[in-house]
>>> print(open('query-v4.pdb').read())   # PDB, C-alpha atoms
ATOM      1  CA  MET Q 268     237.750  96.465 107.451  1.00  0.00           C
ATOM      2  CA  GLY Q 269     238.880  92.886 107.653  1.00  0.00           C
ATOM      3  CA  VAL Q 270     238.946  92.282 103.893  1.00  0.00           C
ATOM      4  CA  TRP Q 271     242.714  92.850 103.969  1.00  0.00           C
ATOM      5  CA  ARG Q 272     242.969  89.606 105.952  1.00  0.00           C
ATOM      6  CA  TRP Q 273     242.587  87.762 102.625  1.00  0.00           C
ATOM      7  CA  ARG Q 274     246.271  88.521 101.940  1.00  0.00           C
ATOM      8  CA  ARG Q 275     248.487  85.470 101.975  1.00  0.00           C
ATOM      9  CA  ASN Q 276     250.621  85.518 105.066  1.00  0.00           C
ATOM     10  CA  PRO Q 277     252.338  82.757 107.044  1.00  0.00           C
ATOM     11  CA  LEU Q 278     250.801  84.200 110.188  1.00  0.00           C
ATOM     12  CA  ARG Q 279     247.251  84.308 108.816  1.00  0.00           C
ATOM     13  CA  ARG Q 280     244.898  82.352 111.026  1.00  0.00           C
ATOM     14  CA  PRO Q 281     241.672  80.586 109.972  1.00  0.00           C
ATOM     15  CA  THR Q 282     239.739  83.173 111.938  1.00  0.00           C
ATOM     16  CA  ASP Q 283     241.376  85.932 109.880  1.00  0.00           C
ATOM     17  CA  LEU Q 284     240.057  84.394 106.667  1.00  0.00           C
ATOM     18  CA  PHE Q 285     236.617  83.939 108.224  1.00  0.00           C
ATOM     19  CA  GLU Q 286     236.607  87.590 109.295  1.00  0.00           C
ATOM     20  CA  ALA Q 287     237.461  88.614 105.736  1.00  0.00           C
ATOM     21  CA  TRP Q 288     234.471  86.672 104.391  1.00  0.00           C
ATOM     22  CA  VAL Q 289     232.222  88.222 107.037  1.00  0.00           C
ATOM     23  CA  ALA Q 290     233.413  91.694 106.033  1.00  0.00           C
ATOM     24  CA  PHE Q 291     232.803  90.931 102.352  1.00  0.00           C
ATOM     25  CA  ALA Q 292     229.310  89.608 103.045  1.00  0.00           C
ATOM     26  CA  ALA Q 293     228.502  92.681 105.135  1.00  0.00           C
ATOM     27  CA  LEU Q 294     229.746  94.960 102.344  1.00  0.00           C
ATOM     28  CA  VAL Q 295     227.538  93.200  99.788  1.00  0.00           C
ATOM     29  CA  CYS Q 296     224.531  93.438 102.096  1.00  0.00           C
ATOM     30  CA  VAL Q 297     225.057  97.149 102.707  1.00  0.00           C
ATOM     31  CA  LEU Q 298     225.628  98.005  99.026  1.00  0.00           C
ATOM     32  CA  VAL Q 299     223.114  95.627  97.420  1.00  0.00           C
ATOM     33  CA  VAL Q 300     220.676  94.021  99.850  1.00  0.00           C
ATOM     34  CA  ALA Q 301     219.867  97.115 101.945  1.00  0.00           C
ATOM     35  CA  PRO Q 302     219.007  99.324  98.909  1.00  0.00           C
ATOM     36  CA  ALA Q 303     216.949  96.468  97.423  1.00  0.00           C
ATOM     37  CA  VAL Q 304     214.977  96.071 100.656  1.00  0.00           C
ATOM     38  CA  GLY Q 305     214.474  99.832 100.829  1.00  0.00           C
ATOM     39  CA  TRP Q 306     213.271  99.914  97.207  1.00  0.00           C
ATOM     40  CA  VAL Q 307     210.773  97.090  97.749  1.00  0.00           C
ATOM     41  CA  ALA Q 308     209.530  98.608 101.017  1.00  0.00           C
ATOM     42  CA  GLY Q 309     209.132 102.002  99.346  1.00  0.00           C
ATOM     43  CA  LEU Q 310     207.135 100.480  96.490  1.00  0.00           C
ATOM     44  CA  GLN Q 311     204.873  98.619  98.911  1.00  0.00           C
ATOM     45  CA  VAL Q 312     204.225 101.707 101.030  1.00  0.00           C
ATOM     46  CA  ASP Q 313     203.726 103.878  97.949  1.00  0.00           C
ATOM     47  CA  GLY Q 314     201.175 101.440  96.541  1.00  0.00           C
ATOM     48  CA  THR Q 315     199.259 101.383  99.813  1.00  0.00           C
ATOM     49  CA  LEU Q 316     199.314 105.162 100.235  1.00  0.00           C
ATOM     50  CA  GLN Q 317     198.412 105.851  96.602  1.00  0.00           C
ATOM     51  CA  GLN Q 318     195.462 103.487  96.934  1.00  0.00           C
ATOM     52  CA  ALA Q 319     194.368 105.265 100.117  1.00  0.00           C
ATOM     53  CA  ALA Q 320     194.768 108.662  98.424  1.00  0.00           C
ATOM     54  CA  HIS Q 321     192.672 107.500  95.463  1.00  0.00           C
ATOM     55  CA  GLU Q 322     189.923 106.198  97.745  1.00  0.00           C
ATOM     56  CA  GLN Q 323     189.912 109.423  99.747  1.00  0.00           C
ATOM     57  CA  ARG Q 324     189.626 111.521  96.572  1.00  0.00           C
ATOM     58  CA  GLN Q 325     186.644 109.413  95.544  1.00  0.00           C
ATOM     59  CA  GLU Q 326     184.935 109.593  98.942  1.00  0.00           C
ATOM     60  CA  ARG Q 327     185.685 113.186  99.997  1.00  0.00           C
ATOM     61  CA  HIS Q 328     184.304 116.298  98.372  1.00  0.00           C
ATOM     62  CA  LEU Q 329     185.045 120.006  98.644  1.00  0.00           C
ATOM     63  CA  VAL Q 330     181.694 121.759  99.148  1.00  0.00           C
ATOM     64  CA  PRO Q 331     180.838 125.451  99.694  1.00  0.00           C
ATOM     65  CA  ALA Q 332     179.879 126.582 103.195  1.00  0.00           C
ATOM     66  CA  VAL Q 333     178.452 129.828 104.579  1.00  0.00           C
ATOM     67  CA  VAL Q 334     179.380 131.517 107.868  1.00  0.00           C
ATOM     68  CA  LEU Q 335     176.311 131.838 110.090  1.00  0.00           C
ATOM     69  CA  ARG Q 336     177.708 133.219 113.351  1.00  0.00           C
ATOM     70  CA  PRO Q 337     180.667 132.899 115.729  1.00  0.00           C
ATOM     71  CA  ALA Q 338     180.583 129.730 117.763  1.00  0.00           C
ATOM     72  CA  PRO Q 339     179.546 130.339 121.404  1.00  0.00           C
ATOM     73  CA  GLU Q 340     182.355 129.599 123.850  1.00  0.00           C
ATOM     74  CA  SER Q 341     181.522 127.090 126.571  1.00  0.00           C
ATOM     75  CA  ALA Q 342     182.418 127.687 130.187  1.00  0.00           C
ATOM     76  CA  ALA Q 343     185.217 125.153 129.922  1.00  0.00           C
ATOM     77  CA  ALA Q 344     186.666 126.954 126.906  1.00  0.00           C
ATOM     78  CA  VAL Q 345     186.526 130.296 128.703  1.00  0.00           C
ATOM     79  CA  GLY Q 346     188.282 128.797 131.753  1.00  0.00           C
ATOM     80  CA  ALA Q 347     190.935 127.269 129.528  1.00  0.00           C
ATOM     81  CA  SER Q 348     191.455 130.623 127.834  1.00  0.00           C
ATOM     82  CA  ALA Q 349     191.919 132.350 131.181  1.00  0.00           C
ATOM     83  CA  SER Q 350     194.437 129.733 132.293  1.00  0.00           C
ATOM     84  CA  ALA Q 351     196.337 130.005 129.030  1.00  0.00           C
ATOM     85  CA  SER Q 352     196.533 133.797 129.231  1.00  0.00           C
ATOM     86  CA  ALA Q 353     198.387 133.487 132.550  1.00  0.00           C
ATOM     87  CA  ASP Q 354     201.230 131.746 130.727  1.00  0.00           C
ATOM     88  CA  THR Q 355     202.601 134.343 128.304  1.00  0.00           C
ATOM     89  CA  SER Q 356     205.089 131.988 126.682  1.00  0.00           C
ATOM     90  CA  ALA Q 357     202.401 129.468 125.858  1.00  0.00           C
ATOM     91  CA  GLN Q 358     200.229 132.273 124.514  1.00  0.00           C
ATOM     92  CA  ARG Q 359     202.971 133.237 122.046  1.00  0.00           C
ATOM     93  CA  THR Q 360     203.612 129.720 120.774  1.00  0.00           C
ATOM     94  CA  ALA Q 361     199.983 128.519 120.537  1.00  0.00           C
ATOM     95  CA  PRO Q 362     197.934 130.827 118.273  1.00  0.00           C
ATOM     96  CA  HIS Q 363     194.173 130.752 118.832  1.00  0.00           C
ATOM     97  CA  ARG Q 364     191.929 130.138 115.828  1.00  0.00           C
ATOM     98  CA  THR Q 365     188.324 131.341 115.952  1.00  0.00           C
ATOM     99  CA  ARG Q 366     185.608 128.751 115.505  1.00  0.00           C
ATOM    100  CA  ILE Q 367     182.368 129.529 113.733  1.00  0.00           C
ATOM    101  CA  VAL Q 368     178.976 127.986 113.076  1.00  0.00           C
ATOM    102  CA  ALA Q 369     178.550 127.328 109.359  1.00  0.00           C
ATOM    103  CA  SER Q 370     176.085 125.599 107.062  1.00  0.00           C
ATOM    104  CA  TRP Q 371     176.766 123.556 103.954  1.00  0.00           C
ATOM    105  CA  THR Q 372     175.033 121.245 101.520  1.00  0.00           C
ATOM    106  CA  ALA Q 373     176.323 117.697 101.140  1.00  0.00           C
ATOM    107  CA  PRO Q 374     176.883 116.061  97.740  1.00  0.00           C
ATOM    108  CA  ASP Q 375     173.738 113.973  98.349  1.00  0.00           C
ATOM    109  CA  GLY Q 376     171.689 117.191  98.711  1.00  0.00           C
ATOM    110  CA  SER Q 377     171.222 117.151 102.496  1.00  0.00           C
ATOM    111  CA  SER Q 378     171.770 120.347 104.508  1.00  0.00           C
ATOM    112  CA  HIS Q 379     174.132 120.435 107.493  1.00  0.00           C
ATOM    113  CA  GLU Q 380     175.161 122.888 110.163  1.00  0.00           C
ATOM    114  CA  GLY Q 381     178.127 122.632 112.516  1.00  0.00           C
ATOM    115  CA  THR Q 382     181.093 124.258 114.195  1.00  0.00           C
ATOM    116  CA  VAL Q 383     184.272 124.539 112.143  1.00  0.00           C
ATOM    117  CA  PRO Q 384     187.497 126.574 112.339  1.00  0.00           C
ATOM    118  CA  ALA Q 385     187.239 129.942 110.641  1.00  0.00           C
ATOM    119  CA  ALA Q 386     188.797 130.132 107.189  1.00  0.00           C
ATOM    120  CA  GLU Q 387     189.657 133.807 107.657  1.00  0.00           C
ATOM    121  CA  GLU Q 388     190.139 136.126 110.614  1.00  0.00           C
ATOM    122  CA  PRO Q 389     187.831 137.729 111.652  1.00  0.00           C
ATOM    123  CA  PRO Q 390     184.932 135.759 110.134  1.00  0.00           C
ATOM    124  CA  ARG Q 391     181.828 137.648 109.043  1.00  0.00           C
ATOM    125  CA  PRO Q 392     178.318 136.181 108.725  1.00  0.00           C
ATOM    126  CA  GLY Q 393     177.472 135.450 105.121  1.00  0.00           C
ATOM    127  CA  GLU Q 394     181.045 134.858 104.003  1.00  0.00           C
ATOM    128  CA  ARG Q 395     181.621 131.780 101.898  1.00  0.00           C
ATOM    129  CA  PHE Q 396     184.385 129.214 102.140  1.00  0.00           C
ATOM    130  CA  ARG Q 397     184.815 125.517 101.372  1.00  0.00           C
ATOM    131  CA  VAL Q 398     185.020 122.460 103.593  1.00  0.00           C
ATOM    132  CA  TRP Q 399     185.839 118.801 103.002  1.00  0.00           C
ATOM    133  CA  THR Q 400     182.946 116.394 103.607  1.00  0.00           C
ATOM    134  CA  ASP Q 401     181.969 112.851 102.724  1.00  0.00           C
ATOM    135  CA  VAL Q 402     178.979 111.993 100.558  1.00  0.00           C
ATOM    136  CA  ARG Q 403     176.617 112.357 103.542  1.00  0.00           C
ATOM    137  CA  GLY Q 404     177.977 115.768 104.520  1.00  0.00           C
ATOM    138  CA  ARG Q 405     180.052 114.766 107.536  1.00  0.00           C
ATOM    139  CA  LEU Q 406     183.197 116.852 107.985  1.00  0.00           C
ATOM    140  CA  VAL Q 407     186.406 115.011 107.072  1.00  0.00           C
ATOM    141  CA  GLY Q 408     190.046 115.907 106.608  1.00  0.00           C
ATOM    142  CA  GLN Q 409     191.653 116.861 103.322  1.00  0.00           C
ATOM    143  CA  PRO Q 410     192.438 113.803 101.163  1.00  0.00           C
ATOM    144  CA  LEU Q 411     196.020 112.644 100.970  1.00  0.00           C
ATOM    145  CA  ASP Q 412     197.972 114.257  98.155  1.00  0.00           C
ATOM    146  CA  PRO Q 413     199.719 111.814  95.746  1.00  0.00           C
ATOM    147  CA  SER Q 414     203.004 113.737  95.978  1.00  0.00           C
ATOM    148  CA  ALA Q 415     202.847 113.584  99.790  1.00  0.00           C
ATOM    149  CA  ALA Q 416     202.175 109.848  99.568  1.00  0.00           C
ATOM    150  CA  MET Q 417     205.237 109.438  97.344  1.00  0.00           C
ATOM    151  CA  PHE Q 418     207.359 111.443  99.787  1.00  0.00           C
ATOM    152  CA  HIS Q 419     206.264 109.304 102.737  1.00  0.00           C
ATOM    153  CA  ALA Q 420     206.924 106.150 100.727  1.00  0.00           C
ATOM    154  CA  GLY Q 421     210.435 107.370  99.919  1.00  0.00           C
ATOM    155  CA  MET Q 422     211.113 108.100 103.576  1.00  0.00           C
ATOM    156  CA  ALA Q 423     209.814 104.651 104.542  1.00  0.00           C
ATOM    157  CA  GLY Q 424     212.067 102.982 101.960  1.00  0.00           C
ATOM    158  CA  MET Q 425     215.080 104.955 103.165  1.00  0.00           C
ATOM    159  CA  ALA Q 426     214.322 104.026 106.767  1.00  0.00           C
ATOM    160  CA  ALA Q 427     214.062 100.343 105.811  1.00  0.00           C
ATOM    161  CA  ALA Q 428     217.406 100.458 103.989  1.00  0.00           C
ATOM    162  CA  ILE Q 429     219.097 102.174 106.938  1.00  0.00           C
ATOM    163  CA  CYS Q 430     217.654  99.609 109.350  1.00  0.00           C
ATOM    164  CA  VAL Q 431     218.960  96.715 107.254  1.00  0.00           C
ATOM    165  CA  ALA Q 432     222.410  98.298 106.935  1.00  0.00           C
ATOM    166  CA  THR Q 433     222.523  98.959 110.675  1.00  0.00           C
ATOM    167  CA  LEU Q 434     221.496  95.380 111.441  1.00  0.00           C
ATOM    168  CA  VAL Q 435     224.174  94.007 109.114  1.00  0.00           C
ATOM    169  CA  GLU Q 436     226.893  96.166 110.651  1.00  0.00           C
ATOM    170  CA  THR Q 437     225.775  95.189 114.152  1.00  0.00           C
ATOM    171  CA  VAL Q 438     225.980  91.493 113.291  1.00  0.00           C
ATOM    172  CA  ARG Q 439     229.415  91.986 111.716  1.00  0.00           C
ATOM    173  CA  ARG Q 440     230.730  93.739 114.811  1.00  0.00           C
ATOM    174  CA  LEU Q 441     229.364  90.995 117.065  1.00  0.00           C
ATOM    175  CA  VAL Q 442     231.036  88.320 114.939  1.00  0.00           C
ATOM    176  CA  VAL Q 443     234.366  90.167 114.930  1.00  0.00           C
ATOM    177  CA  ARG Q 444     234.130  90.675 118.672  1.00  0.00           C
ATOM    178  CA  ARG Q 445     233.515  86.950 119.130  1.00  0.00           C
ATOM    179  CA  LEU Q 446     236.481  86.087 116.898  1.00  0.00           C
ATOM    180  CA  THR Q 447     238.747  88.480 118.786  1.00  0.00           C
ATOM    181  CA  HIS Q 448     237.667  86.919 122.068  1.00  0.00           C
ATOM    182  CA  ARG Q 449     238.524  83.448 120.753  1.00  0.00           C
ATOM    183  CA  ARG Q 450     241.944  84.676 119.592  1.00  0.00           C
ATOM    184  CA  TYR Q 451     242.758  86.018 123.038  1.00  0.00           C
ATOM    185  CA  ILE Q 452     241.720  82.726 124.601  1.00  0.00           C
ATOM    186  CA  ARG Q 453     244.005  80.775 122.266  1.00  0.00           C
ATOM    187  CA  LEU Q 454     246.855  83.209 122.880  1.00  0.00           C
ATOM    188  CA  ASP Q 455     246.450  82.831 126.634  1.00  0.00           C
ATOM    189  CA  ARG Q 456     246.502  79.047 126.319  1.00  0.00           C
ATOM    190  CA  ALA Q 457     249.615  79.111 124.117  1.00  0.00           C
ATOM    191  CA  TRP Q 458     251.374  81.492 126.496  1.00  0.00           C
ATOM    192  CA  ALA Q 459     250.427  79.359 129.484  1.00  0.00           C
ATOM    193  CA  ALA Q 460     252.014  76.351 127.758  1.00  0.00           C
ATOM    194  CA  ALA Q 461     255.194  78.133 126.605  1.00  0.00           C
ATOM    195  CA  GLY Q 462     255.584  80.689 129.380  1.00  0.00           C
ATOM    196  CA  PRO Q 463     257.295  78.523 132.046  1.00  0.00           C
ATOM    197  CA  ASP Q 464     260.063  77.471 129.603  1.00  0.00           C
ATOM    198  CA  TRP Q 465     260.504  80.909 127.981  1.00  0.00           C
ATOM    199  CA  GLY Q 466     264.185  81.883 127.870  1.00  0.00           C
ATOM    200  CA  ARG Q 467     265.499  78.721 129.517  1.00  0.00           C
ATOM    201  CA  ALA Q 468     268.609  77.167 127.951  1.00  0.00           C
ATOM    202  CA  GLY Q 469     267.844  74.034 126.010  1.00  0.00           C
ATOM    203  CA  ALA Q 470     264.105  74.666 126.079  1.00  0.00           C
ATOM    204  CA  GLY Q 471     264.017  75.535 122.419  1.00  0.00           C
ATOM    205  CA  SER Q 472     262.688  79.029 123.034  1.00  0.00           C
TER     206      SER Q 472
END
>>> encode(input="query-v4.pdb", output="C-alpha cells")
Amino acid sequence: MGVWRWRRNPLRRPTDLFEAWVAFAALVCVLVVAPAVGWVAGLQVDGTLQQAAHEQRQERHLVPAVVLRPAPESAAAVGASASASADTSAQRTAPHRTRIVASWTAPDGSSHEGTVPAAEEPPRPGERFRVWTDVRGRLVGQPLDPSAAMFHAGMAGMAAAICVATLVETVRRLVVRRLTHRRYIRLDRAWAAAGPDWGRAGAGS
C-alpha cells in the first residue's frame, strides 16, 4: 500500500512520493532482507547446536544398569503424595513414575549406585536397562539429536525472519502515520488561510 502513489498526478504531493518509496523499501525488506536474516540466524544456531550435539555424543555414554530395589520414599515424598491424592484432577494429569535404586558401571570402569526413574512399570530386582552417564559414571541427560538440533535451528531462523518483517512493518506504519499527521497540519493551515474568504464575491474562490 502506498506504491500506487508513484502515479503521475497533478495533485500528488512530495509526501505521497516519499510514502511510495517507504512502501517499496518495506516490501524489499520483507521479501529479501527478512528471509536472508532468518537464513543466517538459522545457520548460526544450527552450527552451535550441531557442535553441542557432537560434544554431547562424545562425552555421554549409554551404559547398562541393573535394578537393585525400589527407592525408599522419604517422609516428605509420602506427605506430598497424600496431598496430591486429595486433588483428583491433578492426580489424573500428573502420572507418577516409580523410582528405583540401580547400579551401573561407568565407561572408566568405576561402579556406581543411585536412584533413577524406573524404565518399566513395575520394576523388578535384577532387571536390566540402560542409562546415560558421562565418562566418570555420573547420570546425565540424553544427548541432543542432530535432527532435533536442525528443527530448533529452523524455528529460530523463522522467528528471526518474522521479527525483522514485523519491525519493518512497524516502522513503515509509524512513518505513514507521521506523514498523514503532517498532511492534516498543512491542510488545516491552508484552510485557515482560505476559509475566511471562501465563497465571497471577488475573493477568487
>>> closest_residue(input="query-v4.pdb", among="Q:Glu286, Q:Arg324, Q:Asp401, Q:Ala459", to="Leu441 of chain Q", atoms="only C-alpha atoms")
Q:Glu286
>>> closest_residue(input="query-v4.pdb", among="Q:Val442, Q:Ala332, Q:Ala461, Q:Ala320", to="Pro413 of chain Q", atoms="only C-alpha atoms")
Q:Ala320
>>> residues_around(input="query-v4.pdb", residues="Leu298 of chain Q", least_positions_apart="4", cutoff="12 Å", atoms="only C-alpha atoms", output="list in words")
Phe291, Ala292, Ala293, Leu294, Pro302, Ala303, Val304, Gly305, Ala428, Ile429, Val431, Ala432, Val435 and Glu436 of chain Q
>>> resolve_selection(input="query-v4.pdb", expression="the PyMOL selection byres ((chain Q and resi 334) around 6)", output="JSON, numbers by chain")
{"Q": [333, 335, 336, 369, 392, 393, 394]}
>>> resolve_selection(input="query-v4.pdb", expression="the PyMOL selection byres ((chain Q and resi 410) around 12)", output="MDAnalysis selection string")
chainID Q and resid 316:329 398:401 406:409 411:416
>>> closest_residue(input="query-v4.pdb", among="Q:Leu284, Q:Ala338, Q:Met422, Q:Val330", to="Arg397 of chain Q", atoms="all atoms listed in the file")
Q:Val330
>>> axis_aligned_box(input="query-v4.pdb", around="segment 404-420 of chain Q", padding_each_side="5 Å", output="AutoDock Vina command-line options")
--center_x 192.7 --center_y 111.5 --center_z 101.9 --size_x 39.4 --size_y 20.7 --size_z 22.2
>>> atom_distance(input="query-v4.pdb", atom1="atom CA of Gly421 of chain Q", atom2="atom CA of Arg439 of chain Q")
27.1 Å
>>> atom_distance(input="query-v4.pdb", atom1="atom CA of Thr315 of chain Q", atom2="atom CA of Ala426 of chain Q")
16.8 Å
>>> closest_residue(input="query-v4.pdb", among="Q:Val368, Q:Val312, Q:Ala427, Q:Val295", to="Gly381 of chain Q", atoms="all atoms listed in the file")
Q:Val368
>>> residues_around(input="query-v4.pdb", residues="Gly309 of chain Q", least_positions_apart="2", cutoff="7 Å", atoms="only C-alpha atoms", output="ChimeraX atom specification")
/Q:305-307,311-313,420-421,423-424
>>> atom_distance(input="query-v4.pdb", atom1="atom CA of Val438 of chain Q", atom2="atom CA of Trp288 of chain Q")
13.2 Å
>>> resolve_selection(input="query-v4.pdb", expression="the PyMOL selection byres ((chain Q and resi 446) around 12)", output="short mmCIF file (atom, residue, chain, number, x, y, z; two decimals) with C-alpha atoms, in the frame of the given file")
data_model
loop_
_atom_site.label_atom_id
_atom_site.label_comp_id
_atom_site.auth_asym_id
_atom_site.auth_seq_id
_atom_site.Cartn_x
_atom_site.Cartn_y
_atom_site.Cartn_z
CA GLY Q 269 238.88 92.89 107.65
CA ARG Q 280 244.90 82.35 111.03
CA PRO Q 281 241.67 80.59 109.97
CA THR Q 282 239.74 83.17 111.94
CA ASP Q 283 241.38 85.93 109.88
CA LEU Q 284 240.06 84.39 106.67
CA PHE Q 285 236.62 83.94 108.22
CA GLU Q 286 236.61 87.59 109.30
CA ALA Q 287 237.46 88.61 105.74
CA VAL Q 289 232.22 88.22 107.04
CA ARG Q 439 229.42 91.99 111.72
CA ARG Q 440 230.73 93.74 114.81
CA LEU Q 441 229.36 91.00 117.06
CA VAL Q 442 231.04 88.32 114.94
CA VAL Q 443 234.37 90.17 114.93
CA ARG Q 444 234.13 90.68 118.67
CA ARG Q 445 233.52 86.95 119.13
CA THR Q 447 238.75 88.48 118.79
CA HIS Q 448 237.67 86.92 122.07
CA ARG Q 449 238.52 83.45 120.75
CA ARG Q 450 241.94 84.68 119.59
CA TYR Q 451 242.76 86.02 123.04
CA ILE Q 452 241.72 82.73 124.60
CA ARG Q 453 244.00 80.78 122.27
#
>>> build_atoms(input="query-v4.pdb", residues="segment 417-425 of chain Q", atoms="all heavy atoms", output="CSV table (one decimal), in the frame of the given file")
chain,number,residue,atom,x,y,z
Q,417,MET,N,204.0,109.9,97.9
Q,417,MET,CA,205.2,109.4,97.3
Q,417,MET,C,206.4,109.8,98.3
Q,417,MET,O,207.3,109.0,98.4
Q,417,MET,CB,205.4,110.1,96.0
Q,417,MET,CG,206.7,109.6,95.2
Q,417,MET,SD,206.8,110.4,93.6
Q,417,MET,CE,205.2,109.8,92.9
Q,418,PHE,N,206.3,111.0,98.9
Q,418,PHE,CA,207.4,111.4,99.8
Q,418,PHE,C,207.4,110.5,101.0
Q,418,PHE,O,208.5,110.1,101.4
Q,418,PHE,CB,207.1,112.9,100.2
Q,418,PHE,CG,208.0,113.4,101.3
Q,418,PHE,CD1,209.3,113.7,101.0
Q,418,PHE,CD2,207.6,113.4,102.6
Q,418,PHE,CE1,210.2,114.2,102.0
Q,418,PHE,CE2,208.4,113.9,103.6
Q,418,PHE,CZ,209.7,114.2,103.3
Q,419,HIS,N,206.3,110.2,101.6
Q,419,HIS,CA,206.3,109.3,102.7
Q,419,HIS,C,206.8,107.9,102.4
Q,419,HIS,O,207.5,107.3,103.2
Q,419,HIS,CB,204.9,109.2,103.3
Q,419,HIS,CG,204.4,110.5,104.0
Q,419,HIS,ND1,205.1,111.0,105.1
Q,419,HIS,CD2,203.3,111.3,103.7
Q,419,HIS,CE1,204.4,112.1,105.4
Q,419,HIS,NE2,203.4,112.3,104.7
Q,420,ALA,N,206.4,107.5,101.2
Q,420,ALA,CA,206.9,106.2,100.7
Q,420,ALA,C,208.4,106.2,100.6
Q,420,ALA,O,209.1,105.2,101.0
Q,420,ALA,CB,206.3,105.8,99.4
Q,421,GLY,N,209.0,107.3,100.0
Q,421,GLY,CA,210.4,107.4,99.9
Q,421,GLY,C,211.1,107.4,101.3
Q,421,GLY,O,212.2,106.7,101.5
Q,422,MET,N,210.5,108.1,102.2
Q,422,MET,CA,211.1,108.1,103.6
Q,422,MET,C,211.0,106.7,104.2
Q,422,MET,O,212.0,106.3,104.9
Q,422,MET,CB,210.4,109.1,104.4
Q,422,MET,CG,210.5,110.6,104.0
Q,422,MET,SD,212.3,111.1,104.0
Q,422,MET,CE,212.6,111.1,105.7
Q,423,ALA,N,209.9,106.0,104.0
Q,423,ALA,CA,209.8,104.7,104.5
Q,423,ALA,C,210.8,103.7,103.9
Q,423,ALA,O,211.5,102.9,104.6
Q,423,ALA,CB,208.4,104.1,104.3
Q,424,GLY,N,211.1,103.8,102.6
Q,424,GLY,CA,212.1,103.0,102.0
Q,424,GLY,C,213.5,103.3,102.5
Q,424,GLY,O,214.3,102.4,102.7
Q,425,MET,N,213.8,104.6,102.6
Q,425,MET,CA,215.1,105.0,103.2
Q,425,MET,C,215.3,104.4,104.6
Q,425,MET,O,216.4,103.9,104.9
Q,425,MET,CB,215.2,106.5,103.1
Q,425,MET,CG,216.6,107.0,103.6
Q,425,MET,SD,216.7,108.8,103.5
Q,425,MET,CE,216.4,109.1,101.7
